[in-house]
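Structure data follow from model-v2.csv (CSV, C-alpha atoms):
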chain,number,residue,atom,x,y,z
A,811,MET,CA,15.2,-15.7,-22.9
A,812,GLN,CA,16.2,-16.1,-26.5
A,813,ILE,CA,14.0,-19.2,-26.8
A,814,ALA,CA,11.0,-17.3,-25.3
A,815,LEU,CA,11.5,-14.5,-27.8
A,816,VAL,CA,11.8,-16.9,-30.7
A,817,ALA,CA,8.6,-18.7,-29.6
A,818,LEU,CA,6.7,-15.4,-29.5
A,819,ALA,CA,8.1,-14.4,-32.8
A,820,LEU,CA,6.8,-17.6,-34.3
A,821,THR,CA,3.3,-16.7,-33.1
A,822,ALA,CA,3.3,-13.8,-35.6
A,823,THR,CA,2.8,-16.4,-38.3
A,824,LEU,CA,-0.2,-18.0,-36.6
A,825,PRO,CA,-3.7,-17.0,-37.7
A,826,ARG,CA,-5.2,-14.5,-35.4
A,827,ALA,CA,-7.8,-16.3,-33.3
A,828,VAL,CA,-11.1,-14.5,-32.8
A,829,LEU,CA,-12.8,-14.4,-29.4
A,830,LEU,CA,-16.6,-14.4,-29.7
A,831,PRO,CA,-18.9,-12.1,-27.7
A,832,LEU,CA,-20.6,-13.7,-24.7
A,833,ALA,CA,-23.8,-15.5,-25.5
A,834,THR,CA,-25.4,-13.7,-22.5
A,835,PRO,CA,-23.8,-10.3,-21.7
A,836,SER,CA,-22.1,-10.1,-18.3
A,837,ALA,CA,-23.2,-7.9,-15.4
A,838,CYS,CA,-19.6,-6.7,-15.3
A,839,HIS,CA,-19.3,-3.6,-17.5
A,840,ALA,CA,-15.7,-2.9,-18.4
A,841,GLU,CA,-14.0,-0.3,-16.2
A,842,GLU,CA,-17.2,0.0,-14.0
A,843,GLY,CA,-17.0,-3.7,-13.1
A,844,TYR,CA,-20.0,-5.0,-11.2
A,845,ALA,CA,-20.8,-1.6,-9.7
A,846,ALA,CA,-24.3,-1.3,-11.2
A,847,ALA,CA,-25.3,-4.8,-10.1
A,848,PHE,CA,-23.6,-4.7,-6.7
A,849,GLU,CA,-24.8,-1.5,-5.1
A,850,GLY,CA,-21.9,0.6,-6.2
A,851,ARG,CA,-19.2,-2.0,-5.4
A,852,ARG,CA,-16.8,-1.8,-8.3
A,853,THR,CA,-15.4,-5.4,-8.3
A,854,PHE,CA,-14.1,-7.4,-11.2
A,855,LEU,CA,-13.5,-10.9,-9.9
A,856,LEU,CA,-16.0,-10.9,-6.9
A,857,LYS,CA,-19.4,-11.4,-8.3
A,858,PRO,CA,-22.7,-10.3,-6.8
A,859,ASP,CA,-24.6,-13.3,-8.1
A,860,GLN,CA,-22.4,-15.5,-5.9
A,861,MET,CA,-21.9,-13.2,-2.9
A,862,VAL,CA,-25.4,-11.9,-2.3
A,863,PRO,CA,-26.9,-15.4,-1.8
A,864,ILE,CA,-24.1,-16.3,0.5
A,865,LYS,CA,-24.8,-13.2,2.7
A,866,ALA,CA,-28.5,-14.0,2.7
A,867,ALA,CA,-27.7,-17.5,4.0
A,868,ARG,CA,-25.2,-16.4,6.7
A,869,ASP,CA,-27.5,-16.9,9.7
A,870,HIS,CA,-29.4,-20.0,8.8
A,871,ASP,CA,-27.1,-22.3,6.6
A,872,PRO,CA,-24.7,-24.1,9.0
A,873,PHE,CA,-22.1,-24.4,6.2
A,874,VAL,CA,-22.1,-20.7,5.5
A,875,MET,CA,-22.3,-19.8,9.1
A,876,ALA,CA,-19.2,-21.8,9.9
A,877,ALA,CA,-17.3,-20.2,7.1
A,878,TYR,CA,-18.5,-16.8,8.1
A,879,LYS,CA,-17.3,-17.3,11.7
A,880,ALA,CA,-13.9,-18.4,10.4
A,881,LEU,CA,-13.7,-15.3,8.3
A,882,ILE,CA,-14.5,-13.1,11.3
A,883,VAL,CA,-11.8,-14.8,13.4
A,884,ARG,CA,-9.3,-13.9,10.7
A,885,ALA,CA,-10.7,-10.3,10.4
A,886,ASP,CA,-10.5,-9.7,14.1
A,887,ALA,CA,-6.8,-10.8,14.1
A,888,ALA,CA,-6.2,-8.3,11.2
A,889,LEU,CA,-7.9,-5.5,13.2
A,890,ARG,CA,-5.2,-5.9,15.8
A,891,ARG,CA,-2.2,-5.8,13.4
A,892,ARG,CA,-0.4,-2.6,12.5
A,893,PRO,CA,-0.6,-1.7,8.8
A,894,GLY,CA,2.6,-2.8,7.0
A,895,SER,CA,4.5,-0.8,4.4
A,896,VAL,CA,7.6,-0.9,2.3
A,897,MET,CA,9.3,1.2,5.0
A,898,ASP,CA,9.3,-1.8,7.4
A,899,LYS,CA,12.1,-3.8,5.7
A,900,THR,CA,15.7,-3.7,7.0
A,901,THR,CA,17.4,-4.0,3.6
A,902,LEU,CA,17.9,-0.8,1.7
A,903,PRO,CA,17.1,-1.2,-2.1
A,904,PRO,CA,20.0,-0.5,-4.5
A,905,SER,CA,18.3,2.8,-5.4
A,906,GLY,CA,18.8,4.0,-1.9
A,907,ASP,CA,15.0,4.7,-1.8
A,908,ARG,CA,13.2,2.7,0.9
A,909,HIS,CA,9.9,3.3,-0.9
A,910,ASP,CA,11.1,0.9,-3.6
A,911,TYR,CA,9.9,-2.7,-3.2
A,912,ILE,CA,12.5,-5.3,-2.8
A,913,SER,CA,12.4,-9.1,-2.5
A,914,ILE,CA,14.6,-12.1,-3.3
A,915,ALA,CA,13.8,-15.0,-5.7
A,916,PRO,CA,12.2,-18.0,-3.9
A,917,TYR,CA,14.2,-20.9,-5.3
A,918,TRP,CA,17.8,-19.5,-5.1
A,919,TRP,CA,20.1,-20.5,-2.3
A,920,PRO,CA,23.7,-19.8,-1.2
A,921,ASP,CA,26.3,-22.1,-2.8
A,922,PRO,CA,27.7,-24.4,0.0
A,923,ALA,CA,30.9,-24.7,-1.9
A,924,ASN,CA,31.2,-20.9,-2.4
A,925,PRO,CA,29.2,-19.1,0.3
A,926,THR,CA,30.1,-15.6,-1.0
A,927,GLY,CA,29.5,-16.5,-4.6
A,928,PRO,CA,26.4,-16.4,-6.8
A,929,TYR,CA,23.3,-18.2,-5.5
A,930,LEU,CA,22.3,-21.6,-7.0
A,931,ARG,CA,18.8,-22.6,-8.1
A,932,ARG,CA,16.8,-25.4,-6.2
A,933,ASP,CA,13.5,-25.5,-8.0
A,934,GLY,CA,10.5,-25.9,-5.7
A,935,GLU,CA,12.5,-25.3,-2.5
A,936,VAL,CA,11.8,-21.9,-1.0
A,937,ASN,CA,14.7,-20.1,0.6
A,938,PRO,CA,13.3,-19.1,4.0
A,939,ALA,CA,15.3,-15.8,3.9
A,940,ARG,CA,12.7,-14.6,1.4
A,941,ASP,CA,10.0,-14.4,4.0
A,942,THR,CA,11.8,-12.3,6.6
A,943,ASP,CA,11.6,-8.6,7.5
A,944,ASP,CA,14.8,-8.1,5.5
A,945,TYR,CA,12.6,-7.7,2.5
A,946,ASP,CA,9.1,-6.6,1.5
A,947,ARG,CA,7.4,-9.8,0.4
A,948,THR,CA,6.1,-10.8,3.8
A,949,ALA,CA,4.6,-7.3,4.4
A,950,LEU,CA,3.1,-7.3,0.9
A,951,GLY,CA,1.4,-10.7,1.4
A,952,ARG,CA,0.1,-9.6,4.8
A,953,MET,CA,-1.2,-6.4,3.4
A,954,SER,CA,-3.0,-8.2,0.6
A,955,SER,CA,-4.5,-10.9,2.8
A,956,ASP,CA,-5.6,-8.5,5.5
A,957,ALA,CA,-7.2,-6.0,3.1
A,958,GLU,CA,-9.1,-8.8,1.4
A,959,THR,CA,-10.1,-10.4,4.6
A,960,LEU,CA,-11.3,-7.2,6.2
A,961,ALA,CA,-13.2,-6.1,3.1
A,962,LEU,CA,-15.0,-9.5,2.9
A,963,ALA,CA,-15.8,-9.3,6.6
A,964,TYR,CA,-17.2,-5.8,6.2
A,965,TYR,CA,-19.4,-7.0,3.3
A,966,TYR,CA,-20.8,-10.0,5.2
A,967,SER,CA,-21.1,-8.4,8.6
A,968,ASP,CA,-21.8,-4.7,7.8
A,969,ASP,CA,-19.5,-3.8,10.6
A,970,ARG,CA,-17.8,-0.5,9.8
A,971,ARG,CA,-14.7,-1.3,11.9
A,972,TYR,CA,-13.6,-3.8,9.2
A,973,ALA,CA,-14.0,-1.2,6.4
A,974,ASP,CA,-12.1,1.4,8.3
A,975,LYS,CA,-9.2,-0.9,9.0
A,976,ALA,CA,-9.0,-2.2,5.4
A,977,ALA,CA,-8.9,1.4,4.2
A,978,GLN,CA,-6.1,2.2,6.7
A,979,ILE,CA,-4.1,-0.7,5.4
A,980,ILE,CA,-4.6,0.2,1.7
A,981,ARG,CA,-3.9,3.9,2.4
A,982,THR,CA,-0.7,3.1,4.2
A,983,TRP,CA,0.7,0.9,1.4
A,984,PHE,CA,-0.3,3.0,-1.6
A,985,LEU,CA,-1.1,6.5,-0.7
A,986,ALA,CA,0.5,7.9,2.5
A,987,PRO,CA,3.5,10.0,1.4
A,988,SER,CA,5.7,8.7,4.3
A,989,THR,CA,4.9,5.0,3.6
A,990,ALA,CA,3.7,4.5,0.0
A,991,MET,CA,5.4,2.0,-2.3
A,992,ASN,CA,6.8,3.4,-5.5
A,993,PRO,CA,4.8,2.0,-8.5
A,994,ASN,CA,7.5,-0.4,-9.8
A,995,ALA,CA,8.9,-3.8,-9.0
A,996,ARG,CA,12.4,-3.3,-10.4
A,997,PHE,CA,14.1,-4.9,-7.4
A,998,ALA,CA,11.7,-7.8,-7.0
A,999,GLN,CA,13.1,-11.3,-6.8
A,1000,ALA,CA,16.7,-10.3,-6.7
A,1001,ILE,CA,19.4,-13.1,-6.8
A,1002,ALA,CA,22.6,-12.6,-4.9
A,1003,GLY,CA,25.5,-12.5,-7.3
A,1004,ARG,CA,23.2,-12.5,-10.3
A,1005,GLY,CA,21.2,-9.4,-10.3
A,1006,SER,CA,19.4,-6.8,-8.2
A,1007,GLY,CA,16.0,-7.8,-9.7
A,1008,ARG,CA,14.5,-9.9,-12.4
A,1009,ALA,CA,11.5,-10.1,-14.7
A,1010,ALA,CA,9.9,-12.8,-12.6
A,1011,GLY,CA,9.6,-10.3,-9.8
A,1012,VAL,CA,6.5,-9.0,-11.5
A,1013,LEU,CA,4.8,-12.1,-10.2
A,1014,ASP,CA,5.0,-10.6,-6.7
A,1015,THR,CA,2.5,-8.0,-7.5
A,1016,THR,CA,-0.2,-10.5,-8.2
A,1017,ALA,CA,-0.8,-9.8,-4.5
A,1018,PHE,CA,-2.4,-6.5,-5.6
A,1019,GLN,CA,-5.3,-8.2,-7.4
A,1020,PRO,CA,-7.3,-9.1,-4.2
A,1021,VAL,CA,-6.7,-5.5,-3.1
A,1022,VAL,CA,-8.4,-4.1,-6.2
A,1023,ASP,CA,-11.6,-5.9,-5.5
A,1024,ALA,CA,-11.3,-5.1,-1.8
A,1025,ILE,CA,-11.4,-1.4,-2.7
A,1026,GLY,CA,-14.6,-2.1,-4.6
A,1027,LEU,CA,-16.2,-3.9,-1.6
A,1028,LEU,CA,-15.5,-1.0,0.6
A,1029,ALA,CA,-17.3,1.5,-1.5
A,1030,PRO,CA,-20.6,1.8,0.4
A,1031,SER,CA,-18.8,2.5,3.6
A,1032,GLY,CA,-17.0,5.6,2.4
A,1033,ALA,CA,-13.9,4.5,4.4
A,1034,LEU,CA,-11.9,5.4,1.3
A,1035,SER,CA,-12.9,8.8,0.0
A,1036,ALA,CA,-13.7,9.4,-3.6
A,1037,THR,CA,-10.5,11.4,-3.9
A,1038,GLU,CA,-8.5,8.5,-2.4
A,1039,VAL,CA,-10.0,6.0,-4.9
A,1040,ILE,CA,-9.1,8.3,-7.8
A,1041,CYS,CA,-5.5,8.4,-6.4
A,1042,LEU,CA,-5.5,4.6,-6.1
A,1043,GLU,CA,-6.6,4.4,-9.8
A,1044,ALA,CA,-3.8,6.8,-10.7
A,1045,TRP,CA,-1.2,4.6,-8.7
A,1046,PHE,CA,-2.3,1.6,-10.6
A,1047,GLY,CA,-2.1,3.5,-13.9
A,1048,ARG,CA,1.5,4.4,-13.1
A,1049,TYR,CA,2.2,0.8,-12.3
A,1050,LEU,CA,0.6,-0.3,-15.6
A,1051,ASP,CA,3.0,2.1,-17.4
A,1052,TRP,CA,5.9,0.6,-15.6
A,1053,ILE,CA,5.2,-3.0,-16.4
A,1054,GLN,CA,4.5,-2.3,-20.0
A,1055,ARG,CA,7.5,-0.1,-20.6
A,1056,SER,CA,10.2,-1.4,-18.3
A,1057,PRO,CA,12.7,-4.1,-19.5
A,1058,ALA,CA,11.6,-6.4,-16.7
A,1059,GLY,CA,7.9,-6.0,-17.6
A,1060,ARG,CA,8.6,-6.6,-21.3
A,1061,ARG,CA,10.6,-9.8,-20.5
A,1062,GLU,CA,7.8,-11.1,-18.3
A,1063,GLN,CA,5.2,-10.4,-21.0
A,1064,ALA,CA,7.3,-12.4,-23.4
A,1065,ALA,CA,7.5,-15.4,-21.0
A,1066,THR,CA,6.0,-18.6,-22.5
A,1067,ASN,CA,5.0,-20.2,-19.2
A,1068,ASN,CA,2.8,-19.3,-16.2
A,1069,HIS,CA,4.7,-16.0,-15.9
A,1070,GLY,CA,3.3,-14.7,-19.1
A,1071,MET,CA,-0.3,-15.7,-18.1
A,1072,TRP,CA,0.0,-14.0,-14.8
A,1073,PHE,CA,1.4,-10.9,-16.5
A,1074,ASP,CA,-1.9,-10.8,-18.5
A,1075,ALA,CA,-4.0,-11.4,-15.5
A,1076,GLN,CA,-2.5,-8.4,-13.7
A,1077,LEU,CA,-2.5,-6.2,-16.8
A,1078,THR,CA,-6.2,-6.8,-17.6
A,1079,HIS,CA,-7.3,-6.5,-14.0
A,1080,PHE,CA,-5.3,-3.3,-13.2
A,1081,ALA,CA,-6.2,-1.8,-16.5
A,1082,LEU,CA,-10.0,-1.9,-15.8
A,1083,PHE,CA,-9.4,-0.6,-12.3
A,1084,ALA,CA,-7.3,2.3,-13.6
A,1085,ARG,CA,-10.0,3.0,-16.2
A,1086,ARG,CA,-7.9,2.1,-19.2
A,1087,PRO,CA,-10.1,-0.6,-20.7
A,1088,GLU,CA,-8.4,-0.5,-24.1
A,1089,ILE,CA,-5.3,-2.2,-22.5
A,1090,ALA,CA,-7.5,-5.0,-21.2
A,1091,ARG,CA,-9.3,-5.6,-24.5
A,1092,ARG,CA,-6.0,-5.6,-26.4
A,1093,THR,CA,-4.4,-8.1,-24.0
A,1094,ILE,CA,-7.5,-10.4,-23.9
A,1095,LYS,CA,-7.8,-10.5,-27.7
A,1096,ALA,CA,-4.1,-11.5,-27.9
A,1097,PHE,CA,-4.5,-14.3,-25.3
A,1098,PRO,CA,-5.5,-17.1,-27.7
A,1099,TYR,CA,-2.5,-16.7,-30.0
A,1100,ARG,CA,0.0,-15.4,-27.4
A,1101,ARG,CA,-0.8,-17.9,-24.6
A,1102,ILE,CA,-3.0,-20.7,-25.6
A,1103,ALA,CA,-1.5,-21.5,-29.0
A,1104,VAL,CA,2.0,-21.3,-27.5
A,1105,GLN,CA,1.6,-22.9,-24.1
A,1106,PHE,CA,-1.2,-25.5,-24.5
A,1107,THR,CA,-1.2,-28.9,-26.3
A,1108,ARG,CA,-4.0,-30.7,-28.0
A,1109,SER,CA,-4.3,-32.9,-25.0
A,1110,GLY,CA,-4.7,-30.0,-22.6
A,1111,ALA,CA,-1.3,-30.2,-21.0
A,1112,LEU,CA,1.0,-27.2,-20.4
A,1113,PRO,CA,4.5,-28.5,-21.3
A,1114,ALA,CA,6.4,-25.6,-19.8
A,1115,GLU,CA,4.9,-26.4,-16.4
A,1116,LEU,CA,5.3,-30.2,-16.6
A,1117,VAL,CA,9.1,-29.9,-16.5
A,1118,ARG,CA,9.0,-28.3,-13.0
A,1119,THR,CA,9.6,-30.2,-9.8
A,1120,ARG,CA,6.1,-29.1,-8.8
A,1121,SER,CA,4.5,-29.8,-12.2
A,1122,LEU,CA,0.9,-30.1,-11.0
A,1123,HIS,CA,1.1,-27.0,-8.8
A,1124,TYR,CA,2.5,-24.9,-11.7
A,1125,SER,CA,-0.1,-26.3,-14.1
A,1126,LEU,CA,-2.8,-25.3,-11.7
A,1127,PHE,CA,-1.1,-21.9,-11.1
A,1128,ALA,CA,-1.0,-21.2,-14.8
A,1129,LEU,CA,-4.7,-22.0,-15.2
A,1130,GLN,CA,-5.6,-19.9,-12.3
A,1131,ALA,CA,-4.2,-16.9,-14.2
A,1132,GLY,CA,-6.0,-18.0,-17.3
A,1133,TYR,CA,-9.3,-18.1,-15.3
A,1134,ASP,CA,-8.6,-14.5,-14.1
A,1135,VAL,CA,-8.2,-13.3,-17.6
A,1136,ALA,CA,-11.4,-15.1,-18.6
A,1137,GLU,CA,-13.3,-13.4,-15.8
A,1138,ILE,CA,-11.9,-10.0,-17.0
A,1139,ALA,CA,-12.8,-10.9,-20.6
A,1140,ALA,CA,-16.4,-11.2,-19.6
A,1141,CYS,CA,-16.2,-7.6,-18.3
A,1142,VAL,CA,-15.5,-6.5,-21.9
A,1143,ASN,CA,-18.1,-9.0,-23.4
A,1144,LEU,CA,-15.6,-11.5,-24.7
A,1145,ASP,CA,-15.9,-15.2,-24.1
A,1146,LEU,CA,-12.5,-16.8,-23.2
A,1147,TRP,CA,-14.1,-19.5,-21.1
A,1148,ASN,CA,-15.5,-21.3,-24.1
A,1149,TYR,CA,-12.8,-20.4,-26.6
A,1150,ALA,CA,-11.1,-23.3,-28.4
A,1151,ASP,CA,-8.9,-23.1,-31.5
A,1152,SER,CA,-8.9,-25.5,-34.5
A,1153,LYS,CA,-6.8,-28.0,-32.5
A,1154,GLY,CA,-9.2,-27.9,-29.5
A,1155,ARG,CA,-6.9,-26.0,-27.3
A,1156,GLY,CA,-8.4,-23.7,-24.6
A,1157,LEU,CA,-9.1,-23.3,-20.9
A,1158,ARG,CA,-11.8,-26.0,-20.9
A,1159,ASN,CA,-9.5,-28.6,-22.5
A,1160,ALA,CA,-6.7,-27.8,-20.1
A,1161,THR,CA,-9.1,-28.1,-17.2
A,1162,ASP,CA,-10.3,-31.5,-18.4
A,1163,TYR,CA,-6.7,-32.7,-18.6
A,1164,LEU,CA,-6.0,-31.7,-14.9
A,1165,ALA,CA,-9.3,-33.1,-13.7
A,1166,LYS,CA,-8.6,-36.4,-15.4
A,1167,TYR,CA,-5.0,-36.8,-14.3
A,1168,GLY,CA,-4.7,-34.7,-11.2
A,1169,LEU,CA,-5.0,-37.5,-8.8
A,1170,ILE,CA,-2.3,-39.2,-6.7
A,1171,GLY,CA,-1.3,-42.3,-8.7
A,1172,THR,CA,-2.4,-41.0,-12.1
A,1173,TRP,CA,-0.2,-37.9,-12.3
A,1174,ARG,CA,3.0,-39.0,-14.0
A,1175,HIS,CA,5.1,-35.9,-13.7
A,1176,GLY,CA,7.3,-34.5,-10.9
A,1177,GLU,CA,5.5,-33.1,-7.8
A,1178,ILE,CA,7.4,-32.8,-4.5
A,1179,ARG,CA,4.4,-31.5,-2.5
A,1180,TRP,CA,0.9,-32.7,-3.5
A,1181,PRO,CA,-1.4,-29.6,-4.2
A,1182,GLY,CA,-4.7,-31.4,-3.5
A,1183,GLU,CA,-6.4,-28.2,-2.1
A,1184,GLU,CA,-5.3,-26.2,-5.1
A,1185,LEU,CA,-6.7,-28.7,-7.5
A,1186,ASP,CA,-10.0,-28.8,-5.6
A,1187,MET,CA,-10.2,-25.0,-5.6
A,1188,LEU,CA,-9.5,-24.8,-9.4
A,1189,LEU,CA,-12.2,-27.3,-10.1
A,1190,THR,CA,-14.7,-25.6,-7.9
A,1191,ARG,CA,-14.0,-22.4,-9.8
A,1192,ALA,CA,-14.4,-24.4,-13.1
A,1193,ASN,CA,-17.8,-25.5,-11.9
A,1194,TRP,CA,-18.8,-21.8,-11.5
A,1195,ALA,CA,-17.7,-21.2,-15.0
A,1196,TRP,CA,-19.2,-24.2,-16.9
A,1197,GLY,CA,-21.9,-25.6,-14.6
A,1198,SER,CA,-22.3,-27.0,-11.1
A,1199,GLY,CA,-21.2,-30.6,-10.7
A,1200,ILE,CA,-19.2,-31.0,-13.9
A,1201,TYR,CA,-16.0,-31.5,-12.1
A,1202,PRO,CA,-15.9,-33.5,-8.8
A,1203,THR,CA,-14.6,-31.7,-5.8
A,1204,SER,CA,-14.8,-32.1,-2.0
A,1205,PHE,CA,-16.6,-28.8,-1.6
A,1206,ARG,CA,-20.4,-28.7,-1.3
A,1207,GLY,CA,-22.1,-27.2,-4.3
A,1208,THR,CA,-21.8,-23.6,-3.3
A,1209,SER,CA,-19.1,-20.9,-3.5
A,1210,ALA,CA,-19.4,-20.1,0.2
A,1211,LEU,CA,-16.3,-21.8,1.4
A,1212,LEU,CA,-13.9,-20.0,-1.0
A,1213,TYR,CA,-15.5,-16.6,-0.9
A,1214,VAL,CA,-16.1,-16.5,2.8
A,1215,ARG,CA,-13.3,-18.5,4.4
A,1216,ASN,CA,-10.6,-18.1,1.8
A,1217,GLY,CA,-11.5,-15.0,-0.1
A,1218,LEU,CA,-9.9,-15.3,-3.6
A,1219,SER,CA,-7.2,-17.7,-2.5
A,1220,VAL,CA,-8.0,-19.7,-5.6
A,1221,ARG,CA,-5.4,-17.5,-7.3
For this file, produce the structure as structure tokens.
Amino acid sequence: MQIALVALALTATLPRAVLLPLATPSACHAEEGYAAAFEGRRTFLLKPDQMVPIKAARDHDPFVMAAYKALIVRADAALRRRPGSVMDKTTLPPSGDRHDYISIAPYWWPDPANPTGPYLRRDGEVNPARDTDDYDRTALGRMSSDAETLALAYYYSDDRRYADKAAQIIRTWFLAPSTAMNPNARFAQAIAGRGSGRAAGVLDTTAFQPVVDAIGLLAPSGALSATEVICLEAWFGRYLDWIQRSPAGRREQAATNNHGMWFDAQLTHFALFARRPEIARRTIKAFPYRRIAVQFTRSGALPAELVRTRSLHYSLFALQAGYDVAEIAACVNLDLWNYADSKGRGLRNATDYLAKYGLIGTWRHGEIRWPGEELDMLLTRANWAWGSGIYPTSFRGTSALLYVRNGLSVR
């Protein structure tokens, strides 16, 4: 923690990098998102210029048709599931309030030599107890995935059933007094014997990002009332206040690895949804000197991720967050995609590095599970940003597979 704070303090001596306006203004307009260009759908990461052509091709392009059918299978399964909530867990949070979210850290395990003592870290190896009904993480992931899947299914099919179910899921998690989560993550990623929560727990709430755009996709259906949408904006506003003011949130913001970048991705996305665009602008303008200057090298590597047992996965994971911030930057007419500092550091340079070395046999750092699909997804997203075909992938030259079959699972 001290090292992270010192590193951030040193950035105060760096010249303040300037982000240039977009050469061509985006169709995303700050807190209104893509609503004007997307028939009232206030999305921020889901783009009408990609999704509208996919929908038009649904019934005659075999590739899109197959992806659409796979989406509907997932959506139909989600229709049958009961909406989850923080009330489902069996573990009572330290606060005594079941509305508080609680999870355990993924890479911490019981000590075989001291079963009742503090847990020990095994980087890259997930403790299966994390994904049980004892805690909230499984329910959170299911809520996020189902809301996103159903909202996409509603958009592509125009079947109101999917919108109604997505609205029920979102209402249960965020709004219903008997089941709503309190807007904090203070007990997230707890470690037995070491603390009831930690700053890294803020990563758990990246699962809310697909929900924000799902809410936007549902707009034409009216499945969520105008009053409910305002209440959702208020919920996210309270969560914004918590992550900015709480000790855990401040520590996560100070992180000099992928955690800090995901903090920014959430902060900017939630800020626009909560109609507080000044927070998004401030965070985006700081991104070059707070993240790129600190975390990227001239070669494009991210050294803080290379020391992990899953070094390629975490390099990709960090860049996915950077891509999200770049998407949100476009909404406030700032160009982070093409930003490079005097040393050439930027998202493009880092992407080139992973594209060049991210192959089995050429990647020289630790990786215990090869993330080939993650690399393919990142490079597909890079092609959307910088031009089709720049980076080789196994996907056909269209965004259909990700946006219809996997939603925004590129994150």
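Restricting the calculation to all atoms listed in the file, the smallest distance between Ala1192 in chain A and any of A:Asp886, A:Asp1134, A:Asp969, A:Asp941 is found for A:Asp1134.
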Worksheet item: Excluding same-chain residues fewer than 4 positions from His1175 in chain A, what lies within 9 Å of it counting only C-alpha atoms, as a ChimeraX atom specification?
Response: /A:1116-1122
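The interatomic distance for the pair CA of Lys975 in chain A and CA of Ile1040 in chain A works out to 19.2 Å.
Minimum atom-to-atom distance to Leu1013 in chain A, evaluated using only C-alpha atoms, belongs to A:Trp1072 out of A:Tyr917, A:Trp1052, A:Trp1072, A:Tyr929.
Between CA of Met991 in chain A and CA of Arg908 in chain A there is a distance of 8.5 Å.
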Residues proximal to (-15.9, 5.0, -1.7) were defined as those with any atom within 10 Å of that point in the file's coordinates, counting only C-alpha atoms. Which are they, as an mmCIF file with C-alpha atoms, keeping the file's coordinate frame?
data_model
loop_
_atom_site.group_PDB
_atom_site.id
_atom_site.type_symbol
_atom_site.label_atom_id
_atom_site.label_comp_id
_atom_site.auth_asym_id
_atom_site.auth_seq_id
_atom_site.Cartn_x
_atom_site.Cartn_y
_atom_site.Cartn_z
ATOM 1 C CA GLY A 850 -21.900 0.600 -6.200
ATOM 2 C CA ARG A 851 -19.200 -2.000 -5.400
ATOM 3 C CA ARG A 852 -16.800 -1.800 -8.300
ATOM 4 C CA ALA A 977 -8.900 1.400 4.200
ATOM 5 C CA ILE A 1025 -11.400 -1.400 -2.700
ATOM 6 C CA GLY A 1026 -14.600 -2.100 -4.600
ATOM 7 C CA LEU A 1027 -16.200 -3.900 -1.600
ATOM 8 C CA LEU A 1028 -15.500 -1.000 0.600
ATOM 9 C CA ALA A 1029 -17.300 1.500 -1.500
ATOM 10 C CA PRO A 1030 -20.600 1.800 0.400
ATOM 11 C CA SER A 1031 -18.800 2.500 3.600
ATOM 12 C CA GLY A 1032 -17.000 5.600 2.400
ATOM 13 C CA ALA A 1033 -13.900 4.500 4.400
ATOM 14 C CA LEU A 1034 -11.900 5.400 1.300
ATOM 15 C CA SER A 1035 -12.900 8.800 0.000
ATOM 16 C CA ALA A 1036 -13.700 9.400 -3.600
ATOM 17 C CA THR A 1037 -10.500 11.400 -3.900
ATOM 18 C CA GLU A 1038 -8.500 8.500 -2.400
ATOM 19 C CA VAL A 1039 -10.000 6.000 -4.900
ATOM 20 C CA ILE A 1040 -9.100 8.300 -7.800
#
Item to complete: Find the residues near range 1154-1165 of chain A: any atom within 9 Å, counting all atoms listed in the file, skip ones fewer than 5 places away on the same chain, and give them as a list of chain:residue names.
Response: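 Listing them by chain and then by number gives A:Pro1098, A:Ile1102, A:Ala1103, A:Phe1106, A:Thr1107, A:Arg1108, A:Ser1109, A:Gly1110, A:Ala1111, A:Leu1112, A:Leu1122, A:Ser1125, A:Leu1126, A:Leu1129, A:Gly1132, A:Tyr1133, A:Ala1136, A:Leu1146, A:Trp1147, A:Asn1148, A:Tyr1149, A:Trp1173, A:Leu1185, A:Leu1188, A:Leu1189, A:Ala1192, A:Trp1196, A:Tyr1201, A:Pro1202.
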